[in-house]
Amino acid sequence: MAADNPSLDQAIACHVKGQLDQALLLYLEALRLNPRDRTAAELVSAILRTHFELAVSLMKLGRDGDAIESFQRVLAIQPDEPLAHASLSRLFLARNDRTQATPHLRHYLRLVPEDHIGARLLLAYTGAEPPPDRPPPAYITRFYDSYAETYDRKLVDGLGYRCPQLILAALRQHCRGKLAILDLGCGTGLCGQAVRPLAERLDGVDLSPQMVAKATQRRIYNRLEVGDLYPFLDKKPGRYEAIVAAGVFEHVGDPARIFRAAFGALKDRGVFVFTAQDNPAQELSVNSSAFYTHGRGYLAERAAECGFRVVALEPAVMWVENNAPVQGLCVVLSKPGGDAGQVRQERRSA
């Protein structure tokens, strides 16, 4: 036993016996007596990792109650462990316990202000904060980079994803001839592949490098770019006859900015065709998946304020999740002016 720090040897003995809680208390006492004791610090970290790995495993097994207890043990050791706060917030939200989720989301944001998990969006879902104007770019990039390998399979095979087909049908109904098309938030190229037969030129832009890498493999785009949508649009005044956006408005709060940017990038009488998750009850909200939902009237009003004519605003099933259809909207907006445009008919659905 170390004469100057007997708690350390006692802690190691408990650790060997698997008495982790008692060992932890003794390690912390050893560190209090000697804050520079590297052995005690390393073994505290080892117990922290054990609890964290156990919590993650329990969460994967669907044992949410046990996972919550294990993550709480992690925070008892290290109160500023961001992933534990992030995981606890998700576990509580899965139980629809917004009250307990909220402080963990706030604590996470204090530790990670760049917000890799969409905590600000989830705070809006809990009702603790108003919806932000847009998600943090770091969150979107991280989310879709991690999703790129399985994106097509999960959406098309797993959910029966229909947004590209909805946009294709809208373009065929409202446009004529070959078009210069921009696929906004192109992802892996699912929408681009659908509309390619109508395109004289097809460009794409997305924030996620991994998604753009997948889109490149399709060999359907004239140009692909990794970057934020807004600067890209601002650099392309009057360039496109059609801009399409499938699954993008789930990450758009107040749509005024994207409407203004798309308006500027369109030729006269060009069209902006996009899908959005419907929200009959509110103008704008965030759901439990950290996706924005928009009311029909709200979208139409904001589009008109930005200079667009509403050509169509149709209800549609976007995909099926947990055997329930996810209701959305397929929206066609037209930029007025000029004589050589592409819009064939202009009508607003009731």
# chains A, B, ... in the order shown; residues from 1 in each chain; ligands from 1

call {"tool": "residues_around", "arguments": {"residues": "region 196-199 of chain A", "least_positions_apart": "3", "cutoff": "9 Å", "atoms": "only C-alpha atoms", "output": "list in words"}}
result
Leu168, Leu171, Arg172, Arg176, Gly177, Lys178, Leu179, Ala180, Ile181, Cys191, Gly192, Gln193, Leu202, Ile220 and Tyr221 of chain A

call {"tool": "residues_around", "arguments": {"residues": "Asp152 (chain A)", "least_positions_apart": "2", "cutoff": "10 Å", "atoms": "only C-alpha atoms", "output": "list in words"}}
result
Tyr147, Ala148, Glu149, Thr150, Lys154, Leu155, Val156, Asp157, Gly158, Leu159, Tyr161, Gly187, Thr188, Gly189, Leu190 and Lys214 of chain A

call {"tool": "residues_around", "arguments": {"residues": "region 120-127 of chain A", "least_positions_apart": "3", "cutoff": "7 Å", "atoms": "only C-alpha atoms", "output": "list in words"}}
result
Arg98, Thr102, Leu105, Pro130, Pro131, Pro132, Pro135, Val286, Asn287, Ser288 and Ala290 of chain A

call {"tool": "residues_around", "arguments": {"residues": "Thr141 (chain A)", "least_positions_apart": "3", "cutoff": "6 Å", "atoms": "only C-alpha atoms", "output": "PyMOL selection string"}}
result
chain A and resi 138+144-145+207-208

call {"tool": "residues_around", "arguments": {"residues": "Asp183 (chain A)", "least_positions_apart": "3", "cutoff": "6 Å", "atoms": "only C-alpha atoms", "output": "PyMOL selection string"}}
result
chain A and resi 186+204+244

call {"tool": "residues_around", "arguments": {"residues": "region 223-237 of chain A", "least_positions_apart": "2", "cutoff": "10 Å", "atoms": "only C-alpha atoms", "output": "NGL selection string"}}
result
:A and (137 or 141 or 182-186 or 201-213 or 215-216 or 219-221 or 239-240 or 257-258 or 260-267)

call {"tool": "write_last_selection", "arguments": {"atoms": "C-alpha atoms", "output": "PDB file, in the first residue's frame"}}
result
ATOM      1  CA  PRO A 137     -24.196  23.660 -40.781  1.00  0.00           C
ATOM      2  CA  THR A 141     -22.747  18.012 -42.542  1.00  0.00           C
ATOM      3  CA  LEU A 182     -30.309  22.998 -60.261  1.00  0.00           C
ATOM      4  CA  ASP A 183     -30.711  20.147 -57.767  1.00  0.00           C
ATOM      5  CA  LEU A 184     -30.559  22.043 -54.480  1.00  0.00           C
ATOM      6  CA  GLY A 185     -29.358  19.891 -51.579  1.00  0.00           C
ATOM      7  CA  CYS A 186     -28.738  17.117 -54.084  1.00  0.00           C
ATOM      8  CA  ARG A 201     -28.033  20.918 -67.963  1.00  0.00           C
ATOM      9  CA  LEU A 202     -28.122  19.534 -64.413  1.00  0.00           C
ATOM     10  CA  ASP A 203     -26.083  21.027 -61.569  1.00  0.00           C
ATOM     11  CA  GLY A 204     -26.086  19.973 -57.930  1.00  0.00           C
ATOM     12  CA  VAL A 205     -24.929  21.382 -54.605  1.00  0.00           C
ATOM     13  CA  ASP A 206     -24.919  19.885 -51.117  1.00  0.00           C
ATOM     14  CA  LEU A 207     -23.300  20.654 -47.781  1.00  0.00           C
ATOM     15  CA  SER A 208     -22.139  17.065 -47.202  1.00  0.00           C
ATOM     16  CA  PRO A 209     -18.918  15.969 -48.954  1.00  0.00           C
ATOM     17  CA  GLN A 210     -19.805  12.298 -48.528  1.00  0.00           C
ATOM     18  CA  MET A 211     -23.225  12.740 -50.113  1.00  0.00           C
ATOM     19  CA  VAL A 212     -21.734  14.633 -53.052  1.00  0.00           C
ATOM     20  CA  ALA A 213     -19.189  11.841 -53.492  1.00  0.00           C
ATOM     21  CA  ALA A 215     -23.861  11.741 -56.311  1.00  0.00           C
ATOM     22  CA  THR A 216     -20.689  11.965 -58.402  1.00  0.00           C
ATOM     23  CA  ARG A 219     -22.431  10.496 -63.581  1.00  0.00           C
ATOM     24  CA  ILE A 220     -25.624  12.448 -64.254  1.00  0.00           C
ATOM     25  CA  TYR A 221     -24.574  15.982 -63.263  1.00  0.00           C
ATOM     26  CA  ARG A 239     -28.901  30.909 -64.342  1.00  0.00           C
ATOM     27  CA  TYR A 240     -31.623  28.245 -64.071  1.00  0.00           C
ATOM     28  CA  ARG A 257     -34.076  33.435 -47.271  1.00  0.00           C
ATOM     29  CA  ILE A 258     -34.132  30.379 -49.523  1.00  0.00           C
ATOM     30  CA  ARG A 260     -35.129  35.072 -52.121  1.00  0.00           C
ATOM     31  CA  ALA A 261     -31.963  33.192 -53.081  1.00  0.00           C
ATOM     32  CA  ALA A 262     -33.811  30.833 -55.439  1.00  0.00           C
ATOM     33  CA  PHE A 263     -35.727  33.754 -56.966  1.00  0.00           C
ATOM     34  CA  GLY A 264     -32.439  35.428 -57.817  1.00  0.00           C
ATOM     35  CA  ALA A 265     -30.933  32.291 -59.368  1.00  0.00           C
ATOM     36  CA  LEU A 266     -33.932  31.618 -61.624  1.00  0.00           C
ATOM     37  CA  LYS A 267     -34.521  32.975 -65.093  1.00  0.00           C
TER      38      LYS A 267
END

call {"tool": "closest_residue", "arguments": {"among": "A:Phe308, A:Phe291, A:Tyr298, A:Phe274", "to": "Leu329 (chain A)", "atoms": "only C-alpha atoms"}}
result
A:Phe274
